[in-house]
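Structure below is input.txt: compact mmCIF, C-alpha atoms.
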# COMPACT_ATOMS: atom_id res chain seq x y z
CA MET A 1 -35.85 16.90 17.90
CA MET A 2 -33.44 19.67 18.85
CA VAL A 3 -29.93 18.32 19.53
CA SER A 4 -28.36 19.74 22.68
CA ARG A 5 -24.82 21.08 22.82
CA ARG A 6 -23.91 18.27 25.19
CA SER A 7 -25.20 15.68 22.71
CA ALA A 8 -23.25 17.27 19.88
CA ALA A 9 -20.09 17.32 22.01
CA LEU A 10 -20.54 13.66 22.94
CA ALA A 11 -21.04 12.70 19.30
CA THR A 12 -17.86 14.55 18.36
CA ALA A 13 -15.97 12.75 21.11
CA PHE A 14 -17.29 9.41 19.80
CA ALA A 15 -16.01 10.27 16.34
CA VAL A 16 -12.55 11.09 17.69
CA THR A 17 -12.42 7.84 19.67
CA ALA A 18 -13.64 5.71 16.78
CA ALA A 19 -11.28 7.30 14.28
CA HIS A 20 -8.19 6.88 16.49
CA ALA A 21 -7.30 10.48 15.64
CA ALA A 22 -3.76 10.34 17.02
CA GLY A 23 -2.62 7.83 14.41
CA PRO A 24 -3.13 6.95 10.73
CA SER A 25 -6.22 4.96 9.78
CA LEU A 26 -5.68 1.38 8.65
CA PRO A 27 -7.35 -0.28 5.61
CA ARG A 28 -10.02 -2.31 7.44
CA GLU A 29 -11.28 0.78 9.27
CA ALA A 30 -12.76 2.06 5.99
CA ALA A 31 -15.60 -0.48 6.46
CA THR A 32 -16.57 0.42 10.05
CA LEU A 33 -19.83 2.17 10.93
CA ASN A 34 -17.97 5.38 11.75
CA ALA A 35 -16.16 5.39 8.39
CA ARG A 36 -19.34 4.70 6.41
CA ASP A 37 -20.90 7.84 7.89
CA ALA A 38 -17.82 9.90 6.99
CA GLU A 39 -17.76 8.94 3.30
CA PRO A 40 -18.03 11.93 0.93
CA ILE A 41 -21.36 12.05 -0.85
CA VAL A 42 -20.02 13.07 -4.26
CA HIS A 43 -16.90 11.28 -5.47
CA ALA A 44 -15.54 9.03 -8.21
CA GLU A 45 -12.47 6.82 -8.11
CA LEU A 46 -10.73 4.03 -10.00
CA THR A 47 -8.11 1.56 -8.74
CA LEU A 48 -5.99 -0.55 -11.10
CA ALA A 49 -3.78 -3.31 -9.71
CA GLY A 50 -1.34 -5.90 -10.97
CA ALA A 51 -0.30 -8.70 -8.64
CA ASP A 52 0.95 -12.23 -8.12
CA ASP A 53 -1.88 -14.52 -7.03
CA PRO A 54 -1.65 -14.61 -3.20
CA GLY A 55 -3.26 -18.06 -3.25
CA ARG A 56 -4.23 -19.24 0.22
CA SER A 57 -2.38 -16.39 2.03
CA PRO A 58 -4.81 -14.61 4.38
CA ASP A 59 -5.42 -10.96 3.55
CA LEU A 60 -4.30 -9.55 6.89
CA LEU A 61 -3.34 -6.20 5.32
CA GLY A 62 -6.89 -5.58 4.04
CA LEU A 63 -5.71 -4.66 0.53
CA PRO A 64 -7.89 -3.47 -2.35
CA LEU A 65 -9.09 -6.41 -4.46
CA GLN A 66 -7.87 -8.73 -1.66
CA GLY A 67 -4.32 -8.22 -2.99
CA ARG A 68 -5.10 -9.52 -6.48
CA SER A 69 -4.85 -8.13 -10.02
CA GLY A 70 -7.87 -6.29 -11.34
CA LEU A 71 -9.75 -3.05 -11.32
CA GLN A 72 -12.16 -1.43 -8.90
CA ALA A 73 -14.31 1.64 -9.59
CA ARG A 74 -16.91 3.69 -7.76
CA VAL A 75 -18.99 6.75 -8.66
CA ALA A 76 -21.27 8.33 -6.04
CA GLY A 77 -23.68 11.24 -5.78
CA GLY A 78 -26.90 12.50 -4.24
CA SER A 79 -27.71 14.77 -1.33
CA ALA A 80 -27.35 14.62 2.45
CA ASP A 81 -31.10 14.95 3.09
CA GLY A 82 -32.40 12.95 0.12
CA LEU A 83 -31.51 10.11 -2.20
CA ARG A 84 -27.89 8.98 -2.15
CA TRP A 85 -26.44 6.56 -4.66
CA ALA A 86 -23.17 4.90 -5.55
CA LEU A 87 -22.35 2.59 -8.43
CA GLY A 88 -19.37 0.40 -7.70
CA GLY A 89 -17.80 -2.68 -9.17
CA SER A 90 -14.64 -4.72 -9.33
CA VAL A 91 -13.10 -7.39 -11.52
CA ALA A 92 -10.27 -9.44 -10.02
CA ASP A 93 -8.14 -12.29 -11.28
CA GLN A 94 -8.98 -15.19 -8.95
CA HIS A 95 -8.92 -18.64 -10.58
CA GLY A 96 -10.28 -16.93 -13.66
CA GLN A 97 -12.24 -13.68 -13.61
CA ARG A 98 -14.22 -12.73 -10.50
CA SER A 99 -16.60 -9.79 -10.51
CA ASP A 100 -18.48 -7.93 -7.79
CA LEU A 101 -20.72 -4.88 -7.53
CA ASP A 102 -18.69 -3.92 -4.44
CA GLY A 103 -19.49 -0.39 -3.29
CA THR A 104 -22.91 -0.13 -4.94
CA VAL A 105 -25.41 1.59 -2.62
CA LEU A 106 -28.85 3.20 -2.89
CA SER A 107 -30.18 4.87 0.26
CA LEU A 108 -32.96 7.15 1.51
CA PRO A 109 -33.25 8.98 4.85
CA LEU A 110 -35.47 7.33 7.44
CA GLY A 111 -35.49 8.69 10.98
CA PRO A 112 -31.97 9.20 12.39
CA GLY A 113 -30.47 6.97 9.71
CA ARG A 114 -30.83 5.71 6.18
CA LEU A 115 -32.67 2.79 4.59
CA TYR A 116 -30.35 1.17 2.06
CA ALA A 117 -29.83 -1.52 -0.53
CA SER A 118 -26.15 -2.22 -1.03
CA VAL A 119 -23.33 -4.54 -2.02
CA GLU A 120 -20.60 -3.73 0.46
CA CYS A 121 -18.16 -5.07 3.04
CA ARG A 122 -18.55 -4.53 6.77
CA HIS A 123 -15.93 -4.56 9.50
CA TRP A 124 -17.58 -5.26 12.83
CA GLY A 125 -15.07 -5.03 15.63
CA PRO A 126 -12.05 -3.07 16.86
CA SER A 127 -9.20 -5.20 15.44
CA PRO A 128 -7.15 -3.91 12.47
CA PHE A 129 -6.05 -7.48 11.69
CA GLY A 130 -9.40 -9.23 11.42
CA SER A 131 -12.93 -9.27 12.80
CA LEU A 132 -14.13 -12.56 14.22
CA ILE A 133 -17.70 -12.08 12.89
CA LEU A 134 -17.70 -9.83 9.78
CA ASP A 135 -14.33 -8.84 8.39
CA GLY A 136 -13.60 -5.87 6.15
CA SER A 137 -11.60 -8.02 3.70
CA ALA A 138 -14.45 -10.50 3.09
CA ARG A 139 -16.43 -10.52 -0.17
CA ALA A 140 -19.02 -7.77 -0.51
CA LEU A 141 -22.50 -8.93 0.51
CA PRO A 142 -25.74 -7.87 -1.27
CA ALA A 143 -28.22 -6.76 1.40
CA VAL A 144 -30.98 -4.37 2.40
CA GLY A 145 -30.95 -2.68 5.78
CA TRP A 146 -31.05 0.42 7.94
CA ARG A 147 -28.03 2.19 9.42
CA LYS A 148 -27.95 5.05 11.90
CA THR A 149 -25.81 7.69 10.23
CA SER A 150 -24.61 9.76 13.17
CA ALA A 151 -23.48 9.15 16.72
CA GLN A 152 -25.97 11.54 18.34
CA PRO A 153 -27.02 10.27 21.81
CA PHE A 154 -30.58 9.75 22.96
CA GLU A 155 -32.17 12.81 24.56
CA TRP A 156 -34.52 10.61 26.60
CA PRO A 157 -32.99 10.18 30.10
CA GLY A 158 -33.80 6.48 30.19
CA LEU A 159 -31.36 5.81 27.33
CA ALA A 160 -29.05 8.82 27.61
CA TRP A 161 -26.60 6.67 29.62
CA MET A 162 -25.63 4.92 26.38
CA GLY A 163 -23.91 8.08 25.19
CA PRO A 164 -23.12 8.39 21.47
CA TRP A 165 -24.30 5.32 19.58
CA ARG A 166 -24.54 3.75 16.15
CA THR A 167 -26.32 0.70 14.79
CA ASP A 168 -26.75 -1.29 11.61
CA PHE A 169 -29.39 -3.90 10.67
CA PHE A 170 -29.28 -5.85 7.40
CA ALA A 171 -30.69 -8.87 5.62
CA GLY A 172 -28.57 -10.29 2.82
CA ARG A 173 -28.11 -13.37 0.70
CA THR A 174 -24.98 -15.49 0.36
CA ARG A 175 -23.89 -17.57 -2.60
CA ASN A 176 -21.52 -20.53 -2.51
CA ASP A 177 -20.61 -23.42 -4.80
CA VAL A 178 -21.57 -26.09 -2.24
CA GLY A 179 -24.50 -26.51 0.11
CA PRO A 180 -28.03 -25.12 -0.22
CA GLY A 181 -28.48 -22.11 -2.47
CA GLY A 182 -30.09 -18.83 -1.45
CA VAL A 183 -28.98 -18.90 2.20
CA LYS A 184 -29.91 -15.64 3.95
CA LEU A 185 -27.54 -13.78 6.25
CA LEU A 186 -29.12 -11.48 8.83
CA GLY A 187 -26.98 -9.13 10.90
CA TRP A 188 -27.20 -6.52 13.63
CA ARG A 189 -24.54 -4.40 15.30
CA LEU A 190 -24.77 -1.81 18.08
CA GLU A 191 -21.98 0.48 19.28
CA ILE A 192 -22.28 2.74 22.33
CA GLU A 193 -19.91 4.98 24.29
CA PRO A 194 -21.28 5.22 27.86
CA VAL A 195 -17.98 6.70 29.10
CA GLN A 196 -15.82 8.94 26.95
CA GLY A 197 -13.14 6.81 25.35
CA LEU A 198 -14.86 3.47 26.05
CA VAL A 199 -16.68 2.07 22.99
CA LEU A 200 -18.70 -1.11 23.54
CA GLY A 201 -20.05 -3.18 20.68
CA GLY A 202 -22.42 -6.10 20.22
CA SER A 203 -22.78 -8.08 16.98
CA ARG A 204 -24.95 -10.93 15.79
CA THR A 205 -25.30 -12.73 12.46
CA ILE A 206 -27.70 -15.53 11.47
CA GLN A 207 -27.42 -17.91 8.54
CA TRP A 208 -31.02 -18.85 7.84
CA GLY A 209 -33.04 -20.77 5.29
CA GLY A 210 -31.75 -21.71 1.88
CA GLN A 211 -32.93 -24.15 -0.76
CA GLY A 212 -34.57 -27.17 0.88
CA ARG A 213 -34.54 -25.53 4.34
CA PRO A 214 -37.54 -24.15 6.29
CA GLN A 215 -38.12 -20.48 5.42
CA THR A 216 -41.42 -19.79 7.18
CA PRO A 217 -42.04 -16.83 9.53
CA GLY A 218 -42.03 -19.31 12.40
CA SER A 219 -38.61 -20.60 11.39
CA LEU A 220 -37.29 -17.03 11.26
CA LEU A 221 -38.71 -16.24 14.70
CA ARG A 222 -37.08 -19.39 16.11
CA ALA A 223 -33.74 -18.28 14.68
CA ILE A 224 -34.08 -14.79 16.16
CA ALA A 225 -35.08 -16.29 19.54
CA GLY A 226 -32.00 -18.54 19.48
CA PHE A 227 -33.70 -21.93 19.13
CA ASP A 228 -31.19 -23.33 16.69
CA ASN A 229 -29.09 -26.07 18.25
CA PHE A 230 -28.49 -28.97 15.85
CA GLU A 231 -28.97 -31.40 18.74
CA ALA A 232 -32.58 -30.23 19.19
CA PRO A 233 -35.31 -32.91 19.25
CA ASN A 234 -36.26 -32.17 15.65
CA PRO A 235 -33.08 -31.28 13.72
CA ALA A 236 -35.00 -30.96 10.44
CA ALA A 237 -36.80 -27.93 11.89
CA GLU A 238 -33.57 -26.22 12.98
CA PRO A 239 -33.72 -22.74 11.45
CA GLY A 240 -30.02 -22.11 10.85
CA ASN A 241 -26.67 -21.15 12.33
CA GLN A 242 -25.56 -18.01 14.09
CA LEU A 243 -22.65 -16.19 15.70
CA ALA A 244 -22.92 -13.46 18.32
CA GLY A 245 -20.73 -11.69 20.83
CA PHE A 246 -19.21 -8.53 22.18
CA ASP A 247 -16.25 -6.24 21.74
CA ALA A 248 -14.74 -3.22 23.44
CA ARG A 249 -12.18 -0.52 22.80
CA TRP A 250 -10.86 1.75 25.55
CA THR A 251 -8.80 4.76 24.49
CA LEU A 252 -6.91 6.73 27.13
CA PRO A 253 -4.79 9.88 26.93
CA TRP A 254 -1.20 9.13 27.89
CA GLY A 255 0.30 12.58 28.18
CA GLY A 256 0.60 15.13 25.37
CA PRO A 257 -0.19 13.67 21.93
CA TRP A 258 0.17 10.05 23.09
CA ARG A 259 -2.83 7.71 23.23
CA LEU A 260 -3.06 4.20 24.67
CA SER A 261 -5.86 1.87 23.55
CA LEU A 262 -6.90 -1.60 24.63
CA HIS A 263 -9.30 -3.69 22.57
CA GLY A 264 -10.90 -7.12 22.62
CA GLN A 265 -13.56 -9.18 20.88
CA ALA A 266 -15.32 -12.42 21.86
CA ILE A 267 -17.71 -14.12 19.42
CA GLY A 268 -19.67 -17.23 20.37
CA GLU A 269 -19.79 -20.04 17.84
CA ASP A 270 -22.46 -21.89 19.80
CA GLU A 271 -25.42 -21.12 22.08
CA ALA A 272 -26.18 -22.11 25.67
CA GLY A 273 -29.23 -20.78 27.50
CA HIS A 274 -29.93 -18.39 24.59
CA LEU A 275 -26.53 -16.74 25.11
CA PRO A 276 -23.31 -17.09 23.08
CA SER A 277 -20.87 -19.83 24.09
CA LEU A 278 -17.70 -21.50 22.77
CA TYR A 279 -16.08 -18.15 22.10
CA LEU A 280 -13.54 -17.21 19.48
CA ALA A 281 -11.49 -14.35 20.93
CA SER A 282 -8.95 -11.66 20.17
CA GLY A 283 -7.37 -8.92 22.25
CA GLY A 284 -4.67 -6.36 21.90
CA ALA A 285 -3.22 -2.96 22.68
CA GLU A 286 -1.93 -0.02 20.72
CA VAL A 287 0.02 3.18 21.18
CA ALA A 288 -0.55 6.15 18.87
CA THR A 289 0.99 9.59 18.66
CA ARG A 290 1.77 12.50 16.37
CA LEU A 291 5.34 13.78 16.22
CA ASP A 292 6.39 17.43 16.04
CA ASP A 293 7.06 17.13 12.28
CA GLY A 294 3.48 15.96 11.70
CA THR A 295 4.24 12.25 11.37
CA ALA A 296 1.39 10.12 12.76
CA LEU A 297 2.32 6.74 14.24
CA ARG A 298 0.41 3.68 15.44
CA LEU A 299 1.88 0.53 16.96
CA VAL A 300 -0.63 -2.31 17.45
CA GLY A 301 -0.16 -5.77 18.95
CA GLU A 302 -2.80 -8.51 19.16
CA LEU A 303 -3.40 -12.16 20.02
CA ALA A 304 -6.25 -14.02 18.29
CA ASP A 305 -7.62 -17.55 18.76
CA THR A 306 -10.19 -18.79 16.25
CA MET A 307 -10.77 -22.24 17.75
CA ALA A 308 -14.21 -22.37 19.34
CA GLY A 309 -13.96 -22.30 23.14
CA ARG A 310 -10.17 -22.51 23.46
CA ALA A 311 -9.64 -18.91 24.57
CA PHE A 312 -11.51 -19.45 27.85
CA SER A 313 -11.76 -23.24 28.32
CA ASP A 314 -11.22 -26.47 26.41
CA GLY A 315 -11.29 -25.98 22.67
CA LYS A 316 -13.64 -27.66 20.22
CA PRO A 317 -11.76 -28.24 16.94
CA GLY A 318 -13.78 -28.26 13.75
CA ALA A 319 -16.61 -26.07 15.06
CA ALA A 320 -15.58 -22.51 14.21
CA TYR A 321 -17.14 -21.11 11.02
CA ARG A 322 -18.70 -24.51 10.25
CA HIS A 323 -22.18 -26.01 10.57
CA PRO A 324 -23.76 -29.32 9.46
CA LEU A 325 -26.65 -27.52 7.76
CA TYR A 326 -24.34 -25.43 5.58
CA PRO A 327 -21.44 -27.46 4.11
CA ALA A 328 -19.82 -24.29 2.71
CA GLY A 329 -19.51 -22.96 6.26
CA TYR A 330 -19.67 -19.32 7.26
CA ARG A 331 -18.84 -18.04 3.79
CA HIS A 332 -20.01 -15.92 0.89
CA ARG A 333 -18.85 -16.69 -2.63
CA ASP A 334 -16.65 -19.38 -1.07
CA ALA A 335 -14.65 -16.84 0.95
CA LEU A 336 -14.72 -16.71 4.74
CA LEU A 337 -16.82 -13.92 6.29
CA GLY A 338 -14.90 -13.99 9.58
CA HIS A 339 -11.24 -13.68 10.54
CA PRO A 340 -9.02 -14.11 7.45
CA VAL A 341 -6.61 -16.51 9.19
CA GLY A 342 -9.44 -19.06 9.22
CA PRO A 343 -10.73 -21.44 11.89
CA ASP A 344 -8.79 -23.30 14.61
CA ALA A 345 -5.79 -20.98 14.58
CA ARG A 346 -3.74 -19.03 17.11
CA LEU A 347 -2.04 -15.92 15.78
CA ALA A 348 0.07 -13.16 17.32
CA SER A 349 0.26 -10.01 15.20
CA LEU A 350 2.21 -6.76 15.33
CA ALA A 351 1.64 -3.73 13.09
CA LEU A 352 3.41 -0.40 12.69
CA ALA A 353 1.76 2.37 10.65
CA ALA A 354 3.35 5.73 9.89
CA GLN A 355 1.87 8.59 7.87
CA ARG A 356 3.33 11.97 6.95
CA GLY A 357 1.46 14.11 4.47
CA GLY A 358 0.29 11.89 1.63
CA ALA A 359 2.76 9.07 2.36
CA ARG A 360 1.80 6.05 4.49
CA VAL A 361 3.76 2.93 5.39
CA LEU A 362 2.17 -0.12 7.02
CA LEU A 363 4.25 -3.08 8.23
CA MET A 364 2.89 -6.29 9.78
CA ALA A 365 4.43 -9.42 11.31
CA HIS A 366 2.52 -12.56 12.35
CA ARG A 367 3.39 -15.77 14.16
CA GLY A 368 1.02 -18.58 15.11
CA ASP A 369 0.60 -22.27 15.73
CA GLN A 370 0.98 -25.08 13.17
CA GLY A 371 3.88 -23.27 11.48
CA ARG A 372 1.92 -20.13 10.65
CA ARG A 373 4.05 -17.03 10.22
CA GLY A 374 4.08 -14.09 7.89
CA LEU A 375 5.49 -10.68 7.01
CA ALA A 376 3.65 -8.02 5.02
CA GLY A 377 4.05 -4.38 4.09
CA ASP A 378 2.13 -1.74 2.17
CA TRP A 379 3.50 1.62 0.98
CA ARG A 380 1.13 4.25 -0.39
CA ILE A 381 1.76 7.81 -1.50
CA GLU A 382 -0.90 10.31 -2.55
CA PHE A 383 0.02 13.30 -4.72
CA ASP A 384 -1.51 16.77 -4.70
CA ALA A 385 -3.86 15.95 -7.57
CA GLY A 386 -5.28 13.00 -5.61
CA LEU A 387 -3.51 10.35 -7.69
CA ALA A 388 -2.03 7.64 -5.45
CA LEU A 389 0.45 4.82 -5.98
CA GLY A 390 0.73 1.74 -3.79
CA VAL A 391 3.05 -1.25 -3.43
CA ALA A 392 2.29 -4.22 -1.18
CA ALA A 393 4.41 -7.30 -0.54
CA SER A 394 3.79 -10.31 1.68
CA GLN A 395 5.18 -13.68 2.61
CA TRP A 396 3.10 -16.36 4.35
CA HIS A 397 4.18 -19.76 5.66
CA ASP A 398 2.03 -22.54 7.10
CA ALA A 399 1.87 -26.32 7.16
CA ALA A 400 1.08 -26.40 3.43
CA GLY A 401 4.20 -24.45 2.46
CA ARG A 402 5.30 -20.90 1.72
CA GLU A 403 3.77 -18.28 -0.56
CA ARG A 404 4.90 -14.83 -1.62
CA ALA A 405 2.78 -12.11 -3.20
CA LEU A 406 3.31 -8.63 -4.65
CA GLN A 407 0.71 -6.04 -5.65
CA LEU A 408 1.28 -2.78 -7.55
CA ARG A 409 -1.66 -0.39 -7.81
CA ILE A 410 -2.64 3.06 -8.96
CA GLU A 411 -5.64 4.94 -7.53
CA ILE A 412 -7.10 7.55 -9.86
CA PRO A 413 -9.60 10.20 -8.71
CA LEU A 414 -12.22 10.53 -11.44
CA SER A 415 -13.78 13.58 -9.81
CA SER A 416 -11.95 16.78 -8.96
CA LEU A 417 -10.55 16.94 -5.45
CA ARG A 418 -11.50 20.58 -5.42
CA ALA A 419 -15.12 20.53 -4.20
CA THR A 420 -17.71 22.27 -6.30
CA PRO A 421 -20.37 24.41 -4.58
CA ALA A 422 -22.87 21.59 -5.19
CA ALA A 423 -20.56 19.01 -3.61
CA ARG A 424 -19.89 21.24 -0.61
CA SER A 425 -23.59 21.75 -0.06
CA ALA A 426 -24.13 17.98 -0.26
CA SER A 427 -21.55 17.22 2.45
CA PRO A 428 -23.27 15.82 5.57
CA ALA A 429 -23.22 18.31 8.40
CA GLY A 430 -21.59 16.93 11.51
CA SER A 431 -20.59 13.63 9.94
CA SER A 432 -17.89 11.86 11.83

File written out as C-alpha cells:
Amino acid sequence: MMVSRRSAALATAFAVTAAHAAGPSLPREAATLNARDAEPIVHAELTLAGADDPGRSPDLLGLPLQGRSGLQARVAGGSADGLRWALGGSVADQHGQRSDLDGTVLSLPLGPGRLYASVECRHWGPSPFGSLILDGSARALPAVGWRKTSAQPFEWPGLAWMGPWRTDFFAGRTRNDVGPGGVKLLGWRLEIEPVQGLVLGGSRTIQWGGQGRPQTPGSLLRAIAGFDNFEAPNPAAEPGNQLAGFDARWTLPWGGPWRLSLHGQAIGEDEAGHLPSLYLASGGAEVATRLDDGTALRLVGELADTMAGRAFSDGKPGAAYRHPLYPAGYRHRDALLGHPVGPDARLASLALAAQRGGARVLLMAHRGDQGRRGLAGDWRIEFDAGLALGVAASQWHDAAGRERALQLRIEIPLSSLRATPAARSASPAGSS
C-alpha cells in the first residue's frame, strides 16, 4: 500500500516523541519498541566489565550485565527486506557463572513487521527507572513473536484515528529453580499516538501452563479470556496468572528547545469483571533541553508504588508479582520481570542526564519506605573510533542493610563505524 506524506510525517513525529529528542537517551530505552526498530542491521560489539557484586541492590540504572562482572557480545547482519540475524551472548559473575544468549535474534519480514525468534529484554512503559510489567533490566527471555517495525499509521479511515502505532506479540518460556518447570509467558503491547505528542500504551502478560498444569487449547483460551481467578469454583483448572494495564506519555513544547513530559503507568495485579484491578502504579515528569553549546539535558522525577492496589485504594500486601500457582512468582531465571525495586515498595526517584558529544553522565537518587534509599551514577565516554569507557557506582540501603557496588567497563566495536556500501544499503529506510 502506498504510504501518504501525511502518514510518513506522523510516523516521523512519533519517532521524535518516543525518542525524547531534546535530551539524551537513558539505558532502559534501548529495549523499547521504538529503539528495537532503530537498531543498525549490520554491527558487532563487545563489552567487558569488572565489578563488585551488587548483591540485592536493584538495578535502577539499567547497566550492562545488570552491573556485574562479565562479558557481553553481539554480532548482527542481514538485510532490511529479507532475513535478519544477530548472535548475542553474555557471561556474568552472579553466585558463580551465569550465561545468557541475550541479544540473539532471527527474523523474517511478514506484513508491516517481522516474525522473530529471539532471546532479548523488553522495556514496556515510559519510565526510565523501571517498568511495572516488563523491565529492560530483567533477564533476557527466549520467545517467538511478531513485531511491527515502523510507526506508519493505518490508511483505513476507521483506524486512522490511532495515528502512528507499534505493537509486539510474543510467546516465551521462563525457567526458575522453584515451582513448575516450563511455564509459558505470553505478552502483547500496543502503542498509539492519536494526538501528536501523546503516546498511549497497553500491555498484557500471561503466565500459563507449566509442568503439572493444564496446557490444553481450552486452558489457553480461558487465560486469554481472563478466566483465571484462583478463587474460581475449580482452582485446579485455573489456567495461570496475568498482569495487564495502561501507560501514557505526553510531551509538550515549552518554548525554544525546552520540552516538558508527563508519564504514568498502571498495571493490574488482579482481575475484576475481565478488567485489570489492584493496580501497581508509577507517575512522573521530566524537563529536557539542548543548550547552545550542544549539551543535551534531561531531568526526570517519579513516584512508584509496587504494592497491589495501594496507589488508588487500600493496598493488598503480598500480592504483587506473586501467585499461588507459581511459587517463584513473576520471574525468569529467578530474577523479577517487573520493577527492579520489587513488590510492596514505595519509591521516589530523581535522575539527571547530561550528554555532550561522546560523553554522558547519569545521576540518580532514590528514597522510599522501609528505609529504602540509594544513590547511583554512571559516566560513559565514547571516542572517535567507537571505543567507549564506562564507570558506574551505587549505594543502596534498606531494612537488610547497606550495599555498595562499582562497575568498570569497556565497550569495543568489532565492526568498523565507517559504514560499508553493503551496510548502508542494508539500513532500514525510514526507521525511527

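Here the question is which of A:Gly284, A:Pro194, A:Gly70, A:Gly264 gets nearest to A:Ala160 using all atoms listed in the file, and that residue is A:Pro194.
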
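Comparing A:Ala143, A:Pro24, A:Gly103, A:Met307 by their smallest distance to A:Thr289, the closest is A:Pro24 (using all atoms listed in the file).
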
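A straight line drawn from atom CA of A:Val341 to atom CA of A:Pro58 is 5.5 Å long.
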
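By all atoms listed in the file, and with residues fewer than 2 positions from A:Gly82 along its chain excluded, the set lying at most 9 Å from it is Gly78, Ser79, Ala80, Arg84, Ser107, Leu108 and Pro109 of chain A.
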
Limited to C-alpha atoms, could you put the picked residues into a file as an mmCIF file, keeping the file's coordinate frame?
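again.cif written:
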data_model
loop_
_atom_site.group_PDB
_atom_site.id
_atom_site.type_symbol
_atom_site.label_atom_id
_atom_site.label_comp_id
_atom_site.auth_asym_id
_atom_site.auth_seq_id
_atom_site.Cartn_x
_atom_site.Cartn_y
_atom_site.Cartn_z
ATOM 1 C CA GLY A 78 -26.900 12.500 -4.240
ATOM 2 C CA SER A 79 -27.710 14.770 -1.330
ATOM 3 C CA ALA A 80 -27.350 14.620 2.450
ATOM 4 C CA ARG A 84 -27.890 8.980 -2.150
ATOM 5 C CA SER A 107 -30.180 4.870 0.260
ATOM 6 C CA LEU A 108 -32.960 7.150 1.510
ATOM 7 C CA PRO A 109 -33.250 8.980 4.850
#

Taking every listed atom of stretch 252-270 of chain A and adding 6 Å to each side, what centre and edge lengths in Å (one decimal) does the axis-aligned box have, as lines of an AutoDock Vina configuration file?
center_x = -10.9
center_y = -3.4
center_z = 23.0
size_x = 35.1
size_y = 49.0
size_z = 22.3

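Taking only C-alpha atoms into account, A:Arg322 lies nearest to A:Leu243 out of the set A:Leu106, A:Val42, A:Leu243, A:Ala376.
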
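Across the structure, atom CA of A:Leu303 and atom CA of A:Leu278 are spaced 17.3 Å apart.
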
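If you measure from each of A:Ala49, A:Ala140, A:Ala311, A:Ile41 to A:Gln407 using only C-alpha atoms, the closest one turns out to be A:Ala49.
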
Skipping near chain neighbours, those fewer than 6 positions away, what residues fall within 8 Å of stretch 291-302 of chain A using only C-alpha atoms, listed as a PDB file with C-alpha atoms, in the frame of the given file?
ATOM      1  CA  ALA A  22      -3.760  10.340  17.020  1.00  0.00           C
ATOM      2  CA  GLY A  23      -2.620   7.830  14.410  1.00  0.00           C
ATOM      3  CA  PRO A  24      -3.130   6.950  10.730  1.00  0.00           C
ATOM      4  CA  PRO A 257      -0.190  13.670  21.930  1.00  0.00           C
ATOM      5  CA  SER A 282      -8.950 -11.660  20.170  1.00  0.00           C
ATOM      6  CA  GLY A 283      -7.370  -8.920  22.250  1.00  0.00           C
ATOM      7  CA  GLY A 284      -4.670  -6.360  21.900  1.00  0.00           C
ATOM      8  CA  ALA A 285      -3.220  -2.960  22.680  1.00  0.00           C
ATOM      9  CA  ALA A 348       0.070 -13.160  17.320  1.00  0.00           C
ATOM     10  CA  SER A 349       0.260 -10.010  15.200  1.00  0.00           C
ATOM     11  CA  LEU A 350       2.210  -6.760  15.330  1.00  0.00           C
ATOM     12  CA  ALA A 351       1.640  -3.730  13.090  1.00  0.00           C
ATOM     13  CA  LEU A 352       3.410  -0.400  12.690  1.00  0.00           C
ATOM     14  CA  ALA A 353       1.760   2.370  10.650  1.00  0.00           C
ATOM     15  CA  ALA A 354       3.350   5.730   9.890  1.00  0.00           C
ATOM     16  CA  GLN A 355       1.870   8.590   7.870  1.00  0.00           C
ATOM     17  CA  ARG A 356       3.330  11.970   6.950  1.00  0.00           C
ATOM     18  CA  GLY A 357       1.460  14.110   4.470  1.00  0.00           C
TER      19      GLY A 357
END
